[in-house]
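*Asks:* Before anything else, here's the structure in question.
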Amino acid sequence: MHPNFENTAIAFQLKTDSELERAYFLFKLIANEPLVKIGTAVTNFALKAHLPIEGLIRATVFDHFCGGVNEEDCIPIIDKMHSKGVHSILDYSVEGKEVEDQFDFALQKTLEVLDFVKEKEAIPFAVFKPTGFGRFELYQKVSAGEQLNQNEVREWDRVQNRYHQVCKKAHDLDVHLLIDAEESWMQNAADDLCLGMMREYNQKNTVIFNTLQMYRWDRMDYLKQIHETAKKEGFKIGLKVVRGAYMEKENDRAEDMGYKSPICISKLATDNNFDEAVSYIMDHLDTLSIFAGTHNEESCLKLVDLMTQKGLAHNNPHVWFGQLYGMSDHISFNLSEDGYNIAKYVPYGPVKDVMPYLIRRAEENTSVAGQTTRELALLQKEKERRKLDL
């Protein structure tokens, strides 16, 4: 039997009436594309001009989509969600830093989170972005096979050393580590690094997970290729499967530079690609493990069906579902109610530094057809249900 994604009483059980109203207000704003663009411009200006708006941001969009400004700040939210069977992934969501001390700081944050993962059952994964550990342009140069100068060689050695430090610690603690995916023109270097980490640290258990963005038409071939490598060499592969987050940027760059876009030709093609990847992984759980990062109800139900067909327990350790904090609670909490492994990405960091993440989140919600409309309909349904219960 399928989880009931219409059950708003379970979906929003942790939200107070005021939090429900705030969520409805925010998604109403996000549904208005011109307003999102204006709000983004005004917010960026206000932050750069050091206007005192952080309190307003903190009380609205930040508190809805983020767990707090530091790890300790997030603990009450993490514990509250875990009381309902929903796990958390602490995601230090500071973007756009391009200097060595910031990369070292991101490394330190990830190492600290790994200790949280070991200590708290509520946090089953740590995570980092490749560009949290090194410059985008350096990844791009390595991906293109370009010659590095002596300074860049040393810089790339430091990037690799950061990967090894976190992956070794995850291995030694026997906990999971997710590595996010980014733009295609820097991803080859990140993929090669990640595969090397899995080769070294996934010998017995699936510790390291790479991310496949299935809006790329080449990812199924890549999945099959690394699976063959793992089978031949005797290590395990962990994969977070998502649709993708940089579509407009990818298409624009391909058009500007005159090469074939790496993005699937249509939304349907992306959906089919995503489903094919999930199905392939589910057919090879002896070697592969999956973290299905999706807000798509149909994709979640298809994965539920595959688990049923294969006679897998709802809490099979090789199968995880994931959504973002502040979104798709109807999926997360109803899956957890039925005993499936579910984790929410919980972003955190200083308000000003997390704003690029929050702006991207608002823009993505605006551009994904039906996402915001669905959130609004469910929030409205729960508001009406509560009125009737009074």
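Identifiers for the structure tokens are assigned positionally: chains receive A, B, ... in sequence, residues are indexed from 1 per chain, and ligands are indexed from 1 in the order shown.
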Mind checking which residues fall within 12 Å of Leu20 in chain A, counting only C-alpha atoms, ignoring those fewer than 4 positions away in the same chain, and posting them as an MDAnalysis selection string?
*Replies:* chainID A and resid 8:9 11:16 24:27 60 64 326 329 375:376 378:384 386
*Asks:* Skipping near chain neighbours, those fewer than 2 positions away, what residues fall within 7 Å of Thr294 in chain A using only C-alpha atoms, listed as a ChimeraX atom specification?
*Replies:* /A:242,292,296,322-323
*Asks:* Name the residues in contact with Asn210 in chain A at a cut-off of 10 Å, using only C-alpha atoms, excluding same-chain residues fewer than 2 positions from it; report them as a PyMOL selection string.
*Replies:* chain A and resi 177-181+190-191+193-195+197-198+208+212+237-241+290-291
*Asks:* So which bits of range 107-187 of chain A end up strand (DSSP E) when you DSSP the backbone, as a PyMOL selection string?
*Replies:* chain A and resi 125-128+176-179
*Asks:* For Ile78 in chain A, list every protein, DNA or RNA residue within 7 Å, evaluated using only C-alpha atoms, and leave out those in the same chain fewer than 4 positions away; present the list as a PyMOL selection string.
*Replies:* chain A and resi 74+82+88+122
*Asks:* Go through A:Thr40, A:Gln160, A:Thr308, A:Ser328 one by one, measure the shortest atom-to-atom distance of each to Ile57 in chain A using only C-alpha atoms, and give the residue with the smallest value.
*Replies:*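 That would be A:Thr40, the residue with the smallest distance to Ile57 in chain A.
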*Asks:* For a quick check of understanding, using only C-alpha atoms, which of A:Tyr246, A:Pro3, A:Trp217, A:Tyr92 has the smallest distance to Pro347 in chain A?
*Replies:*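 Of A:Tyr246, A:Pro3, A:Trp217, A:Tyr92, the one nearest Pro347 in chain A, counting only C-alpha atoms, is A:Tyr92.
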*Asks:* I need the residue nearest Ala377 in chain A from this list: A:Glu183, A:His330, A:Ser279, A:Arg154. Use only C-alpha atoms for the distance.
*Replies:*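 Among the listed residues, A:His330 lies closest to Ala377 in chain A.
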*Asks:* What's the 8 Å shell around range 338-346 of chain A, counting only C-alpha atoms, without same-chain residues fewer than 2 positions away, as a PyMOL selection string?
*Replies:* chain A and resi 3+65-67+74+85-91+124+314-317+319-325+332+334-336+348
*Asks:* Filtering to N, CA and C atoms, could you give me those residues as a PDB file, in the first residue's frame?
*Replies:*
```
ATOM      1  N   PRO A   3       2.181   5.134   0.629  1.00  0.00           N
ATOM      2  CA  PRO A   3       2.026   6.208   1.624  1.00  0.00           C
ATOM      3  C   PRO A   3       0.972   7.201   1.132  1.00  0.00           C
ATOM      4  N   PHE A  65      13.401  27.803   5.729  1.00  0.00           N
ATOM      5  CA  PHE A  65      14.211  26.918   4.898  1.00  0.00           C
ATOM      6  C   PHE A  65      15.530  26.495   5.542  1.00  0.00           C
ATOM      7  N   CYS A  66      15.893  27.073   6.686  1.00  0.00           N
ATOM      8  CA  CYS A  66      17.176  26.779   7.330  1.00  0.00           C
ATOM      9  C   CYS A  66      16.972  26.361   8.778  1.00  0.00           C
ATOM     10  N   GLY A  67      17.932  25.572   9.277  1.00  0.00           N
ATOM     11  CA  GLY A  67      17.828  25.102  10.649  1.00  0.00           C
ATOM     12  C   GLY A  67      18.349  26.079  11.674  1.00  0.00           C
ATOM     13  N   CYS A  74      20.583  24.147  15.263  1.00  0.00           N
ATOM     14  CA  CYS A  74      19.738  23.205  14.506  1.00  0.00           C
ATOM     15  C   CYS A  74      19.227  22.037  15.345  1.00  0.00           C
ATOM     16  N   GLY A  85      10.371  10.299  13.151  1.00  0.00           N
ATOM     17  CA  GLY A  85      11.013   9.363  12.223  1.00  0.00           C
ATOM     18  C   GLY A  85      11.698   9.999  11.037  1.00  0.00           C
ATOM     19  N   VAL A  86      11.784  11.331  11.000  1.00  0.00           N
ATOM     20  CA  VAL A  86      12.443  12.017   9.885  1.00  0.00           C
ATOM     21  C   VAL A  86      13.852  12.404  10.319  1.00  0.00           C
ATOM     22  N   HIS A  87      14.859  11.887   9.590  1.00  0.00           N
ATOM     23  CA  HIS A  87      16.252  12.194   9.901  1.00  0.00           C
ATOM     24  C   HIS A  87      16.657  13.539   9.282  1.00  0.00           C
ATOM     25  N   SER A  88      17.846  13.994   9.632  1.00  0.00           N
ATOM     26  CA  SER A  88      18.352  15.273   9.131  1.00  0.00           C
ATOM     27  C   SER A  88      19.759  15.119   8.572  1.00  0.00           C
ATOM     28  N   ILE A  89      20.086  15.983   7.608  1.00  0.00           N
ATOM     29  CA  ILE A  89      21.439  16.080   7.079  1.00  0.00           C
ATOM     30  C   ILE A  89      21.863  17.535   7.231  1.00  0.00           C
ATOM     31  N   LEU A  90      22.820  17.793   8.114  1.00  0.00           N
ATOM     32  CA  LEU A  90      23.288  19.161   8.329  1.00  0.00           C
ATOM     33  C   LEU A  90      24.112  19.611   7.123  1.00  0.00           C
ATOM     34  N   ASP A  91      23.674  20.690   6.482  1.00  0.00           N
ATOM     35  CA  ASP A  91      24.294  21.160   5.244  1.00  0.00           C
ATOM     36  C   ASP A  91      24.778  22.600   5.440  1.00  0.00           C
ATOM     37  N   PRO A 124      22.043  10.841   9.822  1.00  0.00           N
ATOM     38  CA  PRO A 124      22.700   9.667   9.248  1.00  0.00           C
ATOM     39  C   PRO A 124      23.778   9.970   8.202  1.00  0.00           C
ATOM     40  N   HIS A 314      10.841  -1.783   4.460  1.00  0.00           N
ATOM     41  CA  HIS A 314      10.722  -0.337   4.266  1.00  0.00           C
ATOM     42  C   HIS A 314      11.988   0.394   4.698  1.00  0.00           C
ATOM     43  N   ASN A 315      12.689  -0.132   5.697  1.00  0.00           N
ATOM     44  CA  ASN A 315      13.888   0.535   6.211  1.00  0.00           C
ATOM     45  C   ASN A 315      15.170  -0.132   5.718  1.00  0.00           C
ATOM     46  N   ASN A 316      15.131  -0.696   4.508  1.00  0.00           N
ATOM     47  CA  ASN A 316      16.334  -1.307   3.940  1.00  0.00           C
ATOM     48  C   ASN A 316      17.486  -0.295   3.972  1.00  0.00           C
ATOM     49  N   PRO A 317      18.644  -0.672   4.521  1.00  0.00           N
ATOM     50  CA  PRO A 317      19.726   0.305   4.726  1.00  0.00           C
ATOM     51  C   PRO A 317      20.336   0.850   3.438  1.00  0.00           C
ATOM     52  N   VAL A 319      18.564   1.966   0.847  1.00  0.00           N
ATOM     53  CA  VAL A 319      17.590   2.828   0.160  1.00  0.00           C
ATOM     54  C   VAL A 319      17.148   3.955   1.079  1.00  0.00           C
ATOM     55  N   TRP A 320      17.428   5.184   0.643  1.00  0.00           N
ATOM     56  CA  TRP A 320      17.019   6.385   1.395  1.00  0.00           C
ATOM     57  C   TRP A 320      16.258   7.337   0.474  1.00  0.00           C
ATOM     58  N   PHE A 321      15.296   8.032   1.049  1.00  0.00           N
ATOM     59  CA  PHE A 321      14.588   9.112   0.370  1.00  0.00           C
ATOM     60  C   PHE A 321      15.056  10.431   0.994  1.00  0.00           C
ATOM     61  N   GLY A 322      15.084  11.512   0.201  1.00  0.00           N
ATOM     62  CA  GLY A 322      15.495  12.787   0.771  1.00  0.00           C
ATOM     63  C   GLY A 322      14.776  13.975   0.164  1.00  0.00           C
ATOM     64  N   GLN A 323      14.456  14.936   1.008  1.00  0.00           N
ATOM     65  CA  GLN A 323      13.902  16.220   0.572  1.00  0.00           C
ATOM     66  C   GLN A 323      14.593  17.344   1.347  1.00  0.00           C
ATOM     67  N   LEU A 324      14.306  18.567   0.950  1.00  0.00           N
ATOM     68  CA  LEU A 324      14.877  19.737   1.607  1.00  0.00           C
ATOM     69  C   LEU A 324      14.002  20.195   2.764  1.00  0.00           C
ATOM     70  N   TYR A 325      14.633  20.680   3.810  1.00  0.00           N
ATOM     71  CA  TYR A 325      13.901  21.250   4.930  1.00  0.00           C
ATOM     72  C   TYR A 325      13.075  22.440   4.435  1.00  0.00           C
ATOM     73  N   SER A 332       7.862  13.714   3.046  1.00  0.00           N
ATOM     74  CA  SER A 332       8.813  13.283   4.086  1.00  0.00           C
ATOM     75  C   SER A 332       8.125  12.614   5.267  1.00  0.00           C
ATOM     76  N   ASN A 334       4.974  11.546   5.653  1.00  0.00           N
ATOM     77  CA  ASN A 334       4.129  10.377   5.361  1.00  0.00           C
ATOM     78  C   ASN A 334       4.969   9.154   4.990  1.00  0.00           C
ATOM     79  N   LEU A 335       6.144   9.354   4.382  1.00  0.00           N
ATOM     80  CA  LEU A 335       7.058   8.232   4.169  1.00  0.00           C
ATOM     81  C   LEU A 335       7.574   7.718   5.512  1.00  0.00           C
ATOM     82  N   SER A 336       7.937   8.634   6.408  1.00  0.00           N
ATOM     83  CA  SER A 336       8.448   8.195   7.711  1.00  0.00           C
ATOM     84  C   SER A 336       7.372   7.484   8.516  1.00  0.00           C
ATOM     85  N   TYR A 348      22.319  25.377   7.080  1.00  0.00           N
ATOM     86  CA  TYR A 348      22.589  26.279   8.195  1.00  0.00           C
ATOM     87  C   TYR A 348      23.800  27.135   7.853  1.00  0.00           C
TER      88      TYR A 348
END
```
*Asks:* Please, which residues of range 15-248 of chain A, numbered as in this document, come out helix (DSSP H, G or I) from DSSP, as a ChimeraX atom specification?
*Replies:* /A:17-30,33-48,54-65,71-82,100-119,130-132,136-143,150-173,184-201,219-233,247-248
*Asks:* Keeping only C-alpha atoms, write the selected residues as a CSV table (one decimal), in the first residue's frame.
*Replies:*
```csv
chain,number,residue,atom,x,y,z
A,17,ASP,CA,-0.6,27.5,13.5
A,18,SER,CA,1.7,30.5,13.1
A,19,GLU,CA,4.3,28.5,11.3
A,20,LEU,CA,1.7,27.1,9.0
A,21,GLU,CA,0.6,30.7,8.2
A,22,ARG,CA,4.2,31.8,7.6
A,23,ALA,CA,4.7,28.9,5.2
A,24,TYR,CA,1.6,29.7,3.3
A,25,PHE,CA,2.6,33.4,3.1
A,26,LEU,CA,6.1,32.5,1.8
A,27,PHE,CA,5.0,30.1,-0.9
A,28,LYS,CA,2.4,32.6,-1.9
A,29,LEU,CA,5.2,35.1,-2.5
A,30,ILE,CA,7.4,32.5,-4.2
A,33,GLU,CA,7.9,35.2,-10.3
A,34,PRO,CA,8.3,39.0,-10.8
A,35,LEU,CA,8.1,39.4,-7.0
A,36,VAL,CA,10.8,36.9,-6.5
A,37,LYS,CA,13.1,38.8,-8.9
A,38,ILE,CA,12.4,42.1,-7.3
A,39,GLY,CA,12.8,40.7,-3.8
A,40,THR,CA,16.1,39.1,-4.8
A,41,ALA,CA,17.4,42.4,-6.1
A,42,VAL,CA,16.2,44.3,-3.1
A,43,THR,CA,17.6,41.8,-0.6
A,44,ASN,CA,21.0,41.7,-2.3
A,45,PHE,CA,21.2,45.5,-2.3
A,46,ALA,CA,20.2,45.7,1.3
A,47,LEU,CA,22.7,43.2,2.4
A,48,LYS,CA,25.6,44.8,0.4
A,54,GLU,CA,18.8,40.3,8.8
A,55,GLY,CA,16.2,40.2,11.6
A,56,LEU,CA,13.4,40.2,9.0
A,57,ILE,CA,15.1,37.6,6.8
A,58,ARG,CA,15.7,35.4,9.9
A,59,ALA,CA,12.1,35.6,11.0
A,60,THR,CA,10.7,34.7,7.6
A,61,VAL,CA,12.5,32.9,4.8
A,62,PHE,CA,15.6,31.9,6.8
A,63,ASP,CA,13.7,30.2,9.6
A,64,HIS,CA,11.5,28.4,7.1
A,65,PHE,CA,14.2,26.9,4.9
A,71,GLU,CA,25.0,23.3,14.4
A,72,GLU,CA,23.8,23.8,17.9
A,73,ASP,CA,21.1,26.1,16.7
A,74,CYS,CA,19.7,23.2,14.5
A,75,ILE,CA,19.6,20.5,17.2
A,76,PRO,CA,16.0,21.3,18.5
A,77,ILE,CA,14.7,21.1,14.9
A,78,ILE,CA,16.6,17.9,14.3
A,79,ASP,CA,15.4,16.3,17.5
A,80,LYS,CA,11.8,17.3,16.8
A,81,MET,CA,11.8,15.9,13.3
A,82,HIS,CA,13.5,12.7,14.5
A,100,GLU,CA,42.0,28.9,1.0
A,101,ASP,CA,41.1,29.8,4.5
A,102,GLN,CA,37.4,29.4,3.6
A,103,PHE,CA,38.0,26.0,2.1
A,104,ASP,CA,39.8,25.0,5.3
A,105,PHE,CA,36.9,26.3,7.3
A,106,ALA,CA,34.4,24.3,5.2
A,107,LEU,CA,36.6,21.2,5.8
A,108,GLN,CA,36.6,21.8,9.5
A,109,LYS,CA,32.8,22.2,9.5
A,110,THR,CA,32.4,18.9,7.6
A,111,LEU,CA,34.7,17.1,10.0
A,112,GLU,CA,32.7,18.5,13.0
A,113,VAL,CA,29.4,17.4,11.4
A,114,LEU,CA,30.8,13.9,11.0
A,115,ASP,CA,31.2,13.8,14.8
A,116,PHE,CA,27.5,14.8,15.0
A,117,VAL,CA,26.6,11.9,12.6
A,118,LYS,CA,28.4,9.4,14.8
A,119,GLU,CA,26.8,10.7,18.0
A,130,PRO,CA,33.1,20.1,-4.2
A,131,THR,CA,33.5,23.9,-4.5
A,132,GLY,CA,33.4,24.1,-0.7
A,136,PHE,CA,35.5,26.4,-9.3
A,137,GLU,CA,38.1,27.4,-12.0
A,138,LEU,CA,40.6,24.9,-10.7
A,139,TYR,CA,38.0,22.1,-11.0
A,140,GLN,CA,37.1,23.4,-14.5
A,141,LYS,CA,40.8,23.3,-15.6
A,142,VAL,CA,41.3,19.8,-14.3
A,143,SER,CA,38.0,18.7,-15.9
A,150,GLN,CA,53.1,24.8,-10.1
A,151,ASN,CA,50.9,26.8,-7.8
A,152,GLU,CA,47.8,25.1,-9.2
A,153,VAL,CA,49.4,21.7,-8.7
A,154,ARG,CA,49.9,22.5,-5.1
A,155,GLU,CA,46.4,23.9,-4.8
A,156,TRP,CA,44.9,20.8,-6.3
A,157,ASP,CA,46.9,18.6,-3.9
A,158,ARG,CA,45.3,20.6,-1.1
A,159,VAL,CA,41.8,19.9,-2.6
A,160,GLN,CA,42.6,16.2,-2.8
A,161,ASN,CA,43.9,16.3,0.8
A,162,ARG,CA,40.6,17.8,2.0
A,163,TYR,CA,38.6,15.1,0.3
A,164,HIS,CA,40.9,12.4,1.9
A,165,GLN,CA,40.5,13.9,5.4
A,166,VAL,CA,36.7,13.9,5.4
A,167,CYS,CA,36.4,10.5,3.6
A,168,LYS,CA,38.9,8.8,5.9
A,169,LYS,CA,37.1,10.2,9.0
A,170,ALA,CA,33.7,9.0,7.6
A,171,HIS,CA,35.3,5.6,7.0
A,172,ASP,CA,36.9,5.4,10.4
A,173,LEU,CA,33.6,6.4,12.1
A,184,SER,CA,28.9,20.0,-15.8
A,185,TRP,CA,32.1,21.8,-16.9
A,186,MET,CA,33.7,21.2,-13.5
A,187,GLN,CA,32.1,17.9,-12.7
A,188,ASN,CA,34.5,15.5,-14.3
A,189,ALA,CA,37.2,16.4,-11.9
A,190,ALA,CA,34.8,16.1,-8.9
A,191,ASP,CA,33.6,12.8,-10.2
A,192,ASP,CA,37.1,11.4,-10.6
A,193,LEU,CA,38.0,12.5,-7.1
A,194,CYS,CA,34.8,11.0,-5.7
A,195,LEU,CA,35.4,7.7,-7.5
A,196,GLY,CA,38.9,7.5,-6.1
A,197,MET,CA,37.5,8.1,-2.6
A,198,MET,CA,34.9,5.3,-3.1
A,199,ARG,CA,37.6,3.0,-4.4
A,200,GLU,CA,39.7,3.5,-1.2
A,201,TYR,CA,37.0,3.9,1.4
A,219,ARG,CA,24.5,10.1,-16.6
A,220,MET,CA,23.1,6.7,-17.3
A,221,ASP,CA,26.2,5.8,-19.3
A,222,TYR,CA,28.3,7.1,-16.5
A,223,LEU,CA,26.4,5.1,-13.9
A,224,LYS,CA,26.9,1.9,-15.8
A,225,GLN,CA,30.5,2.6,-16.3
A,226,ILE,CA,31.3,3.2,-12.6
A,227,HIS,CA,29.2,0.2,-11.7
A,228,GLU,CA,31.4,-2.0,-14.0
A,229,THR,CA,34.5,-0.5,-12.4
A,230,ALA,CA,33.2,-1.2,-8.9
A,231,LYS,CA,32.4,-4.8,-9.8
A,232,LYS,CA,35.8,-5.5,-11.3
A,233,GLU,CA,37.7,-3.8,-8.5
A,247,MET,CA,19.5,23.8,-16.0
A,248,GLU,CA,19.2,27.4,-17.2
```
*Asks:* If we count only C-alpha atoms, what is near Asp271 in chain A at a cut-off of 9 Å, once residues fewer than 4 positions away on the same chain are taken out, given as a PyMOL selection string?
*Replies:* chain A and resi 214-215+243+266-267+275-276+299
